[in-house]
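Enquirer: So here's query_26.pdb (PDB, C-alpha atoms and all ligand atoms).
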```pdb
ATOM      1  CA  MET A1018    -185.622  55.501 105.855
ATOM      2  CA  ALA A1019    -184.259  52.569 103.812
ATOM      3  CA  LYS A1020    -186.380  51.150 100.980
ATOM      4  CA  GLU A1021    -186.869  47.944 102.953
ATOM      5  CA  ASP A1022    -188.252  49.928 105.929
ATOM      6  CA  CYS A1023    -190.450  51.955 103.549
ATOM      7  CA  ASP A1024    -191.969  48.789 102.081
ATOM      8  CA  GLN A1025    -192.488  47.307 105.527
ATOM      9  CA  THR A1026    -194.158  50.480 106.797
ATOM     10  CA  GLU A1027    -196.381  50.726 103.723
ATOM     11  CA  LYS A1028    -197.573  47.139 104.118
ATOM     12  CA  GLY A1029    -197.948  47.372 107.905
ATOM     13  CA  SER A1030    -199.891  50.643 107.819
ATOM     14  CA  ARG A1031    -202.576  49.560 105.378
ATOM     15  CA  GLY A1032    -205.980  49.994 106.935
ATOM     16  CA  GLN A1033    -204.858  53.315 108.453
ATOM     17  CA  SER A1034    -206.596  53.795 111.807
ATOM     18  CA  ASN A1035    -207.116  50.038 112.136
ATOM     19  CA  SER A1036    -203.355  49.503 111.980
ATOM     20  CA  VAL A1037    -201.090  49.857 115.016
ATOM     21  CA  VAL A1038    -198.127  50.510 112.681
ATOM     22  CA  TRP A1039    -200.044  53.408 111.123
ATOM     23  CA  CYS A1040    -200.672  54.921 114.581
ATOM     24  CA  GLU A1041    -197.029  54.497 115.584
ATOM     25  CA  GLN A1042    -195.529  55.792 112.351
ATOM     26  CA  ARG A1043    -197.590  58.975 112.202
ATOM     27  CA  GLN A1044    -196.234  60.073 115.601
ATOM     28  CA  GLY A1045    -193.837  62.973 115.025
ATOM     29  CA  ARG A1046    -194.606  63.218 111.298
ATOM     30  CA  ILE A1047    -196.468  65.973 109.529
ATOM     31  CA  THR A1048    -199.144  63.854 107.897
ATOM     32  CA  SER A1049    -201.879  65.282 105.690
ATOM     33  CA  SER A1050    -204.356  65.338 108.572
ATOM     34  CA  ASN A1051    -201.771  67.160 110.709
ATOM     35  CA  LEU A1052    -201.404  69.668 107.898
ATOM     36  CA  GLY A1053    -205.171  70.130 108.025
ATOM     37  CA  SER A1054    -204.935  70.850 111.765
ATOM     38  CA  VAL A1055    -202.296  73.523 111.055
ATOM     39  CA  PHE A1056    -204.386  75.230 108.351
ATOM     40  CA  ASN A1057    -207.609  75.007 110.324
ATOM     41  CA  ARG A1058    -206.212  76.241 113.631
ATOM     42  CA  LYS A1059    -208.103  79.232 114.940
ATOM     43  CA  GLU A1060    -205.875  82.279 115.353
ATOM     44  CA  THR A1061    -207.257  82.672 118.854
ATOM     45  CA  THR A1062    -206.310  79.122 119.939
ATOM     46  CA  PRO A1063    -202.853  78.796 121.532
ATOM     47  CA  PRO A1064    -200.621  76.603 119.314
ATOM     48  CA  ASP A1065    -198.958  74.750 122.237
ATOM     49  CA  ASN A1066    -200.988  71.553 122.051
ATOM     50  CA  LEU A1067    -200.813  71.411 118.267
ATOM     51  CA  VAL A1068    -197.011  71.728 118.342
ATOM     52  CA  LYS A1069    -196.849  68.976 120.977
ATOM     53  CA  VAL A1070    -198.940  66.684 118.780
ATOM     54  CA  LEU A1071    -196.851  67.462 115.676
ATOM     55  CA  CYS A1072    -193.605  66.792 117.521
ATOM     56  CA  GLY A1073    -194.929  63.634 119.174
ATOM     57  CA  TYR A1074    -194.616  65.100 122.681
ATOM     58  CA  ILE A1075    -198.051  63.994 123.764
ATOM     59  CA  SER A1076    -198.410  63.736 127.503
ATOM     60  CA  PHE A1077    -200.043  60.513 128.586
ATOM     61  CA  ASP A1078    -200.612  61.844 132.065
ATOM     62  CA  ASN A1079    -204.229  62.605 131.315
ATOM     63  CA  ARG A1080    -207.529  61.528 132.821
ATOM     64  CA  PHE A1081    -207.358  58.185 131.011
ATOM     65  CA  VAL A1082    -204.012  57.368 132.601
ATOM     66  CA  LYS A1083    -205.309  58.538 135.984
ATOM     67  CA  LEU A1084    -208.271  56.182 135.675
ATOM     68  CA  GLY A1085    -205.908  53.354 134.752
ATOM     69  CA  ARG A1086    -203.723  54.171 137.730
ATOM     70  CA  ASP A1087    -206.715  54.147 140.066
ATOM     71  CA  HIS A1088    -207.876  50.790 138.710
ATOM     72  CA  GLU A1089    -204.456  49.243 138.347
ATOM     73  CA  PRO A1090    -205.149  46.058 140.352
ATOM     74  CA  ALA A1091    -207.911  45.231 137.875
ATOM     75  CA  ALA A1092    -205.471  44.922 134.962
ATOM     76  CA  ARG A1093    -203.904  41.555 134.168
ATOM     77  CA  ASN A1094    -200.260  40.636 134.719
ATOM     78  CA  VAL A1095    -199.459  39.645 131.148
ATOM     79  CA  ALA A1096    -195.810  38.754 131.890
ATOM     80  CA  VAL A1097    -196.436  35.622 133.968
ATOM     81  CA  GLU A1098    -194.665  32.610 132.479
ATOM     82  CA  LYS A1099    -193.801  34.434 129.275
ATOM     83  CA  SER A1100    -190.408  33.890 127.667
ATOM     84  CA  ALA A1101    -187.664  35.838 129.482
ATOM     85  CA  SER A1102    -183.937  36.209 128.844
ATOM     86  CA  GLN A1103    -181.010  38.032 130.433
ATOM     87  CA  SER A1104    -177.440  39.036 129.666
ATOM     88  CA  THR A1105    -175.813  36.309 131.796
ATOM     89  CA  ASN A1106    -176.992  33.652 134.252
ATOM     90  CA  HIS A1107    -175.666  33.476 137.794
ATOM     91  CA  HIS A1108    -175.840  29.760 138.619
ATOM     92  CA  GLN A1109    -179.405  28.478 138.403
ATOM     93  CA  HIS A1110    -181.046  31.888 138.770
ATOM     94  CA  GLY A1111    -182.346  32.211 135.206
ATOM     95  CA  ALA A1112    -184.408  35.016 133.691
ATOM     96  CA  ASP A1113    -187.637  32.993 133.942
ATOM     97  CA  ARG A1114    -187.615  33.309 137.720
ATOM     98  CA  ALA A1115    -188.711  36.929 137.378
ATOM     99  CA  VAL A1116    -191.946  35.827 135.682
ATOM    100  CA  ASP A1117    -192.746  32.730 137.779
ATOM    101  CA  ASN A1118    -195.455  34.550 139.764
ATOM    102  CA  CYS A1119    -193.462  34.199 142.998
ATOM    103  CA  VAL A1120    -192.730  37.594 144.551
ATOM    104  CA  THR A1121    -190.524  36.522 147.451
ATOM    105  CA  THR A1122    -187.435  38.737 147.446
ATOM    106  CA  THR A1123    -184.732  36.480 148.886
ATOM    107  CA  LEU A1124    -182.322  34.606 146.631
ATOM    108  CA  GLU A1125    -182.710  31.476 148.776
ATOM    109  CA  SER A1126    -186.388  31.281 147.789
ATOM    110  CA  ASN A1127    -185.309  30.467 144.214
ATOM    111  CA  CYS A1128    -187.856  33.060 143.064
ATOM    112  CA  CYS A1129    -185.326  35.561 141.704
ATOM    113  CA  SER A1130    -183.366  35.931 138.483
ATOM    114  CA  HIS A1131    -179.699  36.918 138.831
ATOM    115  CA  THR A1132    -177.070  37.942 136.286
ATOM    116  CA  ASP A1133    -173.364  37.392 136.953
ATOM    117  CA  HIS A1134    -172.185  39.679 139.691
ATOM    118  CA  LYS A1135    -168.608  40.296 138.698
ATOM    119  CA  GLY A1136    -166.896  41.886 135.751
ATOM    120  CA  SER A1137    -169.908  43.235 133.841
ATOM    121  CA  THR A1138    -170.332  46.902 132.983
ATOM    122  CA  THR A1139    -173.823  46.312 131.591
ATOM    123  CA  ALA A1140    -176.646  43.907 132.471
ATOM    124  CA  TRP A1141    -180.112  43.427 131.029
ATOM    125  CA  TRP A1142    -183.216  41.331 131.563
ATOM    126  CA  ARG A1143    -186.101  41.137 129.082
ATOM    127  CA  VAL A1144    -189.538  39.559 128.788
ATOM    128  CA  ASP A1145    -191.277  38.870 125.459
ATOM    129  CA  LEU A1146    -195.031  39.402 125.864
ATOM    130  CA  ASP A1147    -195.682  37.364 122.686
ATOM    131  CA  GLN A1148    -197.762  40.083 121.043
ATOM    132  CA  LEU A1149    -198.329  43.823 120.978
ATOM    133  CA  THR A1150    -199.690  44.730 124.381
ATOM    134  CA  THR A1151    -201.271  47.874 125.819
ATOM    135  CA  ILE A1152    -199.495  48.477 129.101
ATOM    136  CA  ASN A1153    -200.739  50.434 132.080
ATOM    137  CA  ALA A1154    -197.932  49.905 134.551
ATOM    138  CA  ILE A1155    -194.957  47.708 135.454
ATOM    139  CA  THR A1156    -194.216  46.469 138.991
ATOM    140  CA  ILE A1157    -190.731  45.298 139.956
ATOM    141  CA  TYR A1158    -189.768  43.247 143.023
ATOM    142  CA  TYR A1159    -185.988  43.485 143.502
ATOM    143  CA  ARG A1160    -183.829  41.305 145.739
ATOM    144  CA  ALA A1161    -184.150  42.698 149.266
ATOM    145  CA  GLN A1162    -181.177  44.507 150.780
ATOM    146  CA  TYR A1163    -179.330  45.014 147.486
ATOM    147  CA  PRO A1164    -180.213  48.603 146.541
ATOM    148  CA  HIS A1165    -176.558  49.313 145.643
ATOM    149  CA  ARG A1166    -176.976  46.917 142.708
ATOM    150  CA  PHE A1167    -180.496  47.944 141.659
ATOM    151  CA  ALA A1168    -179.668  51.673 141.726
ATOM    152  CA  GLY A1169    -179.350  53.459 138.390
ATOM    153  CA  TYR A1170    -181.474  50.960 136.465
ATOM    154  CA  GLN A1171    -183.508  51.877 133.398
ATOM    155  CA  LEU A1172    -186.848  50.457 132.274
ATOM    156  CA  TYR A1173    -187.611  50.250 128.549
ATOM    157  CA  VAL A1174    -190.576  49.097 126.464
ATOM    158  CA  SER A1175    -190.004  48.264 122.804
ATOM    159  CA  ASN A1176    -191.108  46.440 119.683
ATOM    160  CA  SER A1177    -187.655  45.088 118.831
ATOM    161  CA  THR A1178    -184.712  43.481 120.595
ATOM    162  CA  SER A1179    -181.754  44.747 118.596
ATOM    163  CA  SER A1180    -180.324  46.513 121.655
ATOM    164  CA  PRO A1181    -181.210  46.405 125.374
ATOM    165  CA  GLN A1182    -181.862  50.146 125.249
ATOM    166  CA  ASP A1183    -184.303  49.961 122.323
ATOM    167  CA  GLY A1184    -187.672  51.647 122.550
ATOM    168  CA  VAL A1185    -189.099  54.081 125.053
ATOM    169  CA  LEU A1186    -187.407  54.794 128.376
ATOM    170  CA  CYS A1187    -190.194  54.578 130.949
ATOM    171  CA  PHE A1188    -188.105  55.128 134.021
ATOM    172  CA  GLU A1189    -184.539  55.710 135.166
ATOM    173  CA  ASP A1190    -183.486  55.468 138.787
ATOM    174  CA  ILE A1191    -181.590  58.542 139.958
ATOM    175  CA  SER A1192    -181.578  57.862 143.684
ATOM    176  CA  THR A1193    -178.779  59.683 145.482
ATOM    177  CA  THR A1194    -178.774  57.465 148.604
ATOM    178  CA  ARG A1195    -179.266  53.742 149.258
ATOM    179  CA  ASP A1196    -182.451  54.439 151.190
ATOM    180  CA  GLU A1197    -184.018  56.272 148.277
ATOM    181  CA  VAL A1198    -183.983  53.216 146.003
ATOM    182  CA  GLN A1199    -187.482  51.718 145.945
ATOM    183  CA  MET A1200    -187.049  47.948 146.070
ATOM    184  CA  VAL A1201    -190.681  47.085 145.286
ATOM    185  CA  VAL A1202    -191.986  49.696 142.913
ATOM    186  CA  THR A1203    -194.643  50.331 140.273
ATOM    187  CA  HIS A1204    -193.911  52.560 137.282
ATOM    188  CA  GLN A1205    -196.613  53.981 135.025
ATOM    189  CA  CYS A1206    -195.702  53.055 131.472
ATOM    190  CA  PRO A1207    -198.685  53.668 129.192
ATOM    191  CA  TYR A1208    -197.390  52.425 125.848
ATOM    192  CA  VAL A1209    -198.044  49.686 123.315
ATOM    193  CA  CYS A1210    -195.157  47.234 123.027
ATOM    194  CA  GLN A1211    -194.096  43.594 122.898
ATOM    195  CA  TYR A1212    -190.923  43.649 125.004
ATOM    196  CA  VAL A1213    -190.110  45.006 128.454
ATOM    197  CA  THR A1214    -186.433  45.392 129.331
ATOM    198  CA  VAL A1215    -184.699  46.261 132.594
ATOM    199  CA  TYR A1216    -181.188  47.570 131.972
ATOM    200  CA  ASN A1217    -178.337  48.627 134.180
ATOM    201  CA  TYR A1218    -174.769  49.793 133.680
ATOM    202  CA  ARG A1219    -171.733  50.881 135.647
ATOM    203  CA  ASN A1220    -169.195  53.379 134.382
ATOM    204  CA  ASN A1221    -165.532  53.441 135.368
ATOM    205  CA  GLN A1222    -166.324  56.306 137.637
ATOM    206  CA  LYS A1223    -169.420  55.301 139.595
ATOM    207  CA  ARG A1224    -172.176  57.853 139.889
ATOM    208  CA  HIS A1225    -172.198  57.348 143.671
ATOM    209  CA  ASP A1226    -169.699  55.789 146.085
ATOM    210  CA  TRP A1227    -172.336  53.437 147.445
ATOM    211  CA  TYR A1228    -173.073  51.883 144.014
ATOM    212  CA  ASP A1229    -171.901  48.307 143.426
ATOM    213  CA  ASP A1230    -168.785  48.173 141.220
ATOM    214  CA  TYR A1231    -170.462  45.950 138.615
ATOM    215  CA  ALA A1232    -173.708  45.937 136.661
ATOM    216  CA  VAL A1233    -175.955  43.225 138.126
ATOM    217  CA  LEU A1234    -179.674  42.535 137.960
ATOM    218  CA  GLU A1235    -181.477  40.427 140.573
ATOM    219  CA  LEU A1236    -185.133  40.695 139.670
ATOM    220  CA  CYS A1237    -187.434  38.624 141.842
ATOM    221  CA  GLU A1238    -190.554  39.449 139.825
ATOM    222  CA  VAL A1239    -191.529  41.789 136.999
ATOM    223  CA  GLN A1240    -195.281  42.234 136.608
ATOM    224  CA  VAL A1241    -196.582  43.898 133.464
ATOM    225  CA  TRP A1242    -200.136  45.167 133.881
ATOM    226  CA  GLY A1243    -201.993  45.370 130.595
ATOM    227  CA  CYS A1244    -203.861  43.542 127.844
ATOM    228  CA  PRO A1245    -203.164  42.442 124.266
ATOM    229  CA  VAL A1246    -203.825  45.330 121.865
ATOM    230  CA  GLY A1247    -207.523  45.870 121.212
ATOM    231  CA  ARG A1248    -208.684  44.210 124.426
ATOM    232  CA  TYR A1249    -209.415  45.333 127.973
ATOM    233  CA  GLY A1250    -211.137  44.471 131.123
ATOM    234  CA  ASP A1251    -211.291  43.478 134.678
ATOM    235  CA  GLY A1252    -208.221  41.303 135.078
ATOM    236  CA  LYS A1253    -209.178  39.077 132.160
ATOM    237  CA  CYS A1254    -208.787  41.191 128.996
ATOM    238  CA  ASP A1255    -211.954  39.529 127.723
ATOM    239  CA  SER A1256    -213.602  42.673 126.317
ATOM    240  CA  VAL A1257    -212.949  44.232 122.909
ATOM    241  CA  CYS A1258    -212.153  47.970 122.629
ATOM    242  CA  SER A1259    -214.757  50.123 120.879
ATOM    243  CA  GLY A1260    -214.440  50.357 117.105
ATOM    244  CA  ASN A1261    -214.584  54.125 117.606
ATOM    245  CA  CYS A1262    -211.186  54.087 119.367
ATOM    246  CA  LEU A1263    -208.398  55.128 116.982
ATOM    247  CA  GLY A1264    -206.486  52.010 115.933
ATOM    248  CA  GLY A1265    -209.096  49.904 117.751
ATOM    249  CA  ASN A1266    -207.057  50.253 120.931
ATOM    250  CA  CYS A1267    -207.976  51.389 124.431
ATOM    251  CA  ASN A1268    -206.921  51.569 128.061
ATOM    252  CA  ALA A1269    -206.391  47.951 129.150
ATOM    253  CA  THR A1270    -208.239  48.464 132.411
ATOM    254  CA  THR A1271    -211.068  50.878 131.713
ATOM    255  CA  GLY A1272    -211.661  50.397 127.985
ATOM    256  CA  ASP A1273    -211.483  54.170 127.494
ATOM    257  CA  CYS A1274    -210.110  55.177 124.095
ATOM    258  CA  PHE A1275    -206.706  56.914 123.948
ATOM    259  CA  TYR A1276    -207.838  58.767 120.806
ATOM    260  CA  CYS A1277    -210.993  58.718 118.695
ATOM    261  CA  VAL A1278    -211.519  57.940 115.027
ATOM    262  CA  PRO A1279    -212.391  61.095 113.059
ATOM    263  CA  GLN A1280    -215.834  62.603 113.711
ATOM    264  CA  GLN A1281    -216.285  60.976 117.133
ATOM    265  CA  TYR A1282    -215.558  62.127 120.691
ATOM    266  CA  GLY A1283    -216.087  61.169 124.331
ATOM    267  CA  ILE A1284    -214.389  58.789 126.775
ATOM    268  CA  LYS A1285    -215.238  55.799 124.620
ATOM    269  CA  CYS A1286    -215.630  57.992 121.514
ATOM    270  CA  GLU A1287    -219.302  57.129 121.605
ATOM    271  CA  MET A1288    -220.530  60.603 120.586
ATOM    272  CA  GLU A1289    -220.583  62.173 117.142
ATOM    273  CA  CYS A1290    -218.922  65.543 116.582
ATOM    274  CA  PRO A1291    -221.337  68.462 116.165
ATOM    275  CA  LEU A1292    -222.720  69.069 112.678
ATOM    276  CA  ASN A1293    -221.395  72.617 112.638
ATOM    277  CA  CYS A1294    -217.714  71.575 112.854
ATOM    278  CA  LEU A1295    -215.742  71.807 109.610
ATOM    279  CA  ASP A1296    -215.500  68.293 108.134
ATOM    280  CA  ARG A1297    -217.244  67.292 111.330
ATOM    281  CA  LEU A1298    -213.927  67.096 113.172
ATOM    282  CA  CYS A1299    -213.810  67.864 116.891
ATOM    283  CA  GLU A1300    -211.660  67.518 120.014
ATOM    284  CA  ASN A1301    -211.656  64.011 121.560
ATOM    285  CA  ILE A1302    -212.406  65.210 125.064
ATOM    286  CA  ASP A1303    -214.995  67.964 124.876
ATOM    287  CA  GLY A1304    -216.352  67.796 121.319
ATOM    288  CA  ASN A1305    -215.325  71.373 120.548
ATOM    289  CA  CYS A1306    -214.712  71.898 116.839
ATOM    290  CA  SER A1307    -211.080  71.254 115.836
ATOM    291  CA  GLY A1308    -211.250  73.643 112.900
ATOM    292  CA  LYS A1309    -213.578  76.402 111.779
ATOM    293  CA  GLU A1310    -217.263  76.208 112.504
ATOM    294  CA  ARG A1311    -219.825  76.620 109.789
ATOM    295  CA  GLN A1312    -222.605  77.953 111.911
ATOM    296  CA  ILE A1313    -224.479  79.777 109.147
ATOM    297  CA  GLU A1314    -224.811  76.925 106.711
ATOM    298  CA  VAL A1315    -226.135  74.647 109.448
ATOM    299  CA  SER A1316    -228.631  77.251 110.647
ATOM    300  CA  VAL A1317    -229.958  77.581 107.126
ATOM    301  CA  ALA A1318    -230.182  73.843 106.757
ATOM    302  CA  LEU A1319    -232.054  73.526 110.024
ATOM    303  CA  THR A1320    -234.437  76.356 109.085
ATOM    304  CA  ASP A1321    -235.203  74.678 105.804
TER     305      ASP A1321
HETATM  306 CA    CA A1401    -190.226  35.397 140.881
END
```
Please rewrite the model in this file as structure tokens.
Ligand SMILES: [Ca+2]
Expert:
Amino acid sequence: MAKEDCDQTEKGSRGQSNSVVWCEQRQGRITSSNLGSVFNRKETTPPDNLVKVLCGYISFDNRFVKLGRDHEPAARNVAVEKSASQSTNHHQHGADRAVDNCVTTTLESNCCSHTDHKGSTTAWWRVDLDQLTTINAITIYYRAQYPHRFAGYQLYVSNSTSSPQDGVLCFEDISTTRDEVQMVVTHQCPYVCQYVTVYNYRNNQKRHDWYDDYAVLELCEVQVWGCPVGRYGDGKCDSVCSGNCLGGNCNATTGDCFYCVPQQYGIKCEMECPLNCLDRLCENIDGNCSGKERQIEVSVALTD
């Protein structure tokens, strides 16, 4: 990490669990609290989950995501009329047409964006959500009857725009036939980000004969379901996440915490960890002690 990045991270992560940068930067790093988890792990507890956490391979396909998925229509489309850009413009079909709230999928409707359709080996389209946003899912309406162009696309979410393939890859199309390509599709993408990018490319040797020769994007609408960080609720994002959620952030639809601040557990981290847990640390979901218990000391205290 360059000194400049170090300084930026240090400043951005002040406030620890109240800072989104802090939450992002500790992913995949062995921080002091991670070290504590390693030392305090019971010999009888399988290490799989701990290793996943340490390596940053945390699965988001948990009950919180399922709840979000079930309540998806209640989230807000935060992409509408936000600033959008794309690699090239085909005539008047600019990037903004994919966030104009019109979901008609014919080019004649003037509701679709369109990059140049000849000569490009890569194409991208991006929306800037203006601020860090907690996303549940992303819905794409592609131009009808053009699966040979849509096929092979990638969907990214990111906090920077230095390259179209920045950030986290949420989805990549690997359809093997034209009919397999889903032209109106929703992808679960439970991350915090500011930018959403759709990217496509064509190699000299196409992956499939039926692919278009060139990289083209014709996005009729891209809907991003979520809320600004720290907010949730019912299509309006007018509720504030619980202060007991780690980083003050929660599921944009349900308000359930992704993780709890230390010493709390439960869906909204509303419960306190049991007194007999070492340092009063426990698992977010069930409240079981994360480290060793100190049963005896507590019994004595209670007897007294
Ligand atoms: Ca549109």
Enquirer: Give the answer as one residue: which of A:His1110, A:Val1120, A:Asp1065, A:Lys1059 has the shortest atom-to-atom distance to A:Cys1237, using all atoms listed in the file?
Expert: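 The closest residue to A:Cys1237 is A:Val1120.
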Enquirer: Within 8 Å of ligand CA 1401 (chain A), which residues show up when you count all atoms listed in the file? List them as a ChimeraX atom specification, please.
Expert: /A:1113-1122,1127-1130,1236-1239
Enquirer: Counting all atoms listed in the file, what is within 7 Å of stretch 1271-1276 of chain A, bar same-chain residues fewer than 3 positions away, as a PDB file with C-alpha atoms, keeping the file's coordinate frame?
Expert:
```pdb
ATOM      1  CA  PHE A1081    -207.358  58.185 131.011  1.00  0.00           C
ATOM      2  CA  GLY A1085    -205.908  53.354 134.752  1.00  0.00           C
ATOM      3  CA  TYR A1249    -209.415  45.333 127.973  1.00  0.00           C
ATOM      4  CA  GLY A1250    -211.137  44.471 131.123  1.00  0.00           C
ATOM      5  CA  CYS A1258    -212.153  47.970 122.629  1.00  0.00           C
ATOM      6  CA  CYS A1262    -211.186  54.087 119.367  1.00  0.00           C
ATOM      7  CA  LEU A1263    -208.398  55.128 116.982  1.00  0.00           C
ATOM      8  CA  ASN A1266    -207.057  50.253 120.931  1.00  0.00           C
ATOM      9  CA  CYS A1267    -207.976  51.389 124.431  1.00  0.00           C
ATOM     10  CA  ASN A1268    -206.921  51.569 128.061  1.00  0.00           C
ATOM     11  CA  ILE A1284    -214.389  58.789 126.775  1.00  0.00           C
ATOM     12  CA  LYS A1285    -215.238  55.799 124.620  1.00  0.00           C
ATOM     13  CA  CYS A1286    -215.630  57.992 121.514  1.00  0.00           C
ATOM     14  CA  ASN A1301    -211.656  64.011 121.560  1.00  0.00           C
TER      15      ASN A1301
END
```
Enquirer: Please provide the set of residues having any atom within 12 Å of A:Gln1162, restricted to all atoms listed in the file, with same-chain residues fewer than 6 positions apart removed, written as a compact mmCIF listing (two decimals) with C-alpha atoms, keeping the file's coordinate frame.
Expert:
```txt
# COMPACT_ATOMS: atom_id res chain seq x y z
CA THR A 1122 -187.44 38.74 147.45
CA THR A 1123 -184.73 36.48 148.89
CA LEU A 1124 -182.32 34.61 146.63
CA ALA A 1168 -179.67 51.67 141.73
CA ARG A 1195 -179.27 53.74 149.26
CA ASP A 1196 -182.45 54.44 151.19
CA VAL A 1198 -183.98 53.22 146.00
CA GLN A 1199 -187.48 51.72 145.94
CA MET A 1200 -187.05 47.95 146.07
CA VAL A 1201 -190.68 47.08 145.29
CA GLU A 1235 -181.48 40.43 140.57
```
Enquirer: Rounded to one decimal place, report the atom CA of A:Pro1279-atom CA of A:Ser1256 distance in Å.
Expert: 22.7 Å
Enquirer: Between A:Gln1205, A:Ser1030, A:Thr1178, A:Thr1105, which one has atoms that come closest to A:Thr1139, using only C-alpha atoms?
Expert: A:Thr1105
Enquirer: Would you translate the PyMOL selection byres (((chain A and resi 1094-1096) around 7) and not hetatm) into the concrete set of residues it matches in this file, as number ranges by chain?
Expert: A: 1092-1093, 1097-1099, 1116, 1146, 1240-1244
Enquirer: Starting from the PyMOL selection byres (((chain A and resi 1228) around 12) and not hetatm), expand the selection into actual residues of this file and give them as a PyMOL selection string.
Expert: chain A and resi 1163-1170+1191-1195+1198+1217-1227+1229-1233
Enquirer: On this structure, which residues satisfy the PyMOL selection byres (((chain A and resi 1176) around 10) and not hetatm), written as a short mmCIF file (atom, residue, chain, number, x, y, z; two decimals) with C-alpha atoms, in the frame of the given file?
Expert:
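Everything below was put into out_23.cif:
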```cif
data_model
loop_
_atom_site.label_atom_id
_atom_site.label_comp_id
_atom_site.auth_asym_id
_atom_site.auth_seq_id
_atom_site.Cartn_x
_atom_site.Cartn_y
_atom_site.Cartn_z
CA ASP A 1145 -191.28 38.87 125.46
CA GLN A 1148 -197.76 40.08 121.04
CA LEU A 1149 -198.33 43.82 120.98
CA THR A 1150 -199.69 44.73 124.38
CA VAL A 1174 -190.58 49.10 126.46
CA SER A 1175 -190.00 48.26 122.80
CA SER A 1177 -187.66 45.09 118.83
CA THR A 1178 -184.71 43.48 120.60
CA SER A 1179 -181.75 44.75 118.60
CA ASP A 1183 -184.30 49.96 122.32
CA GLY A 1184 -187.67 51.65 122.55
CA VAL A 1185 -189.10 54.08 125.05
CA VAL A 1209 -198.04 49.69 123.32
CA CYS A 1210 -195.16 47.23 123.03
CA GLN A 1211 -194.10 43.59 122.90
CA TYR A 1212 -190.92 43.65 125.00
CA VAL A 1213 -190.11 45.01 128.45
#
```
Enquirer: So, with all atoms listed in the file as the atoms that count, which of A:Ile1302, A:Cys1294, A:Val1215, A:Ala1101 lies closest to A:Cys1277?
Expert: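 So, comparing all the options, the nearest one is A:Ile1302.
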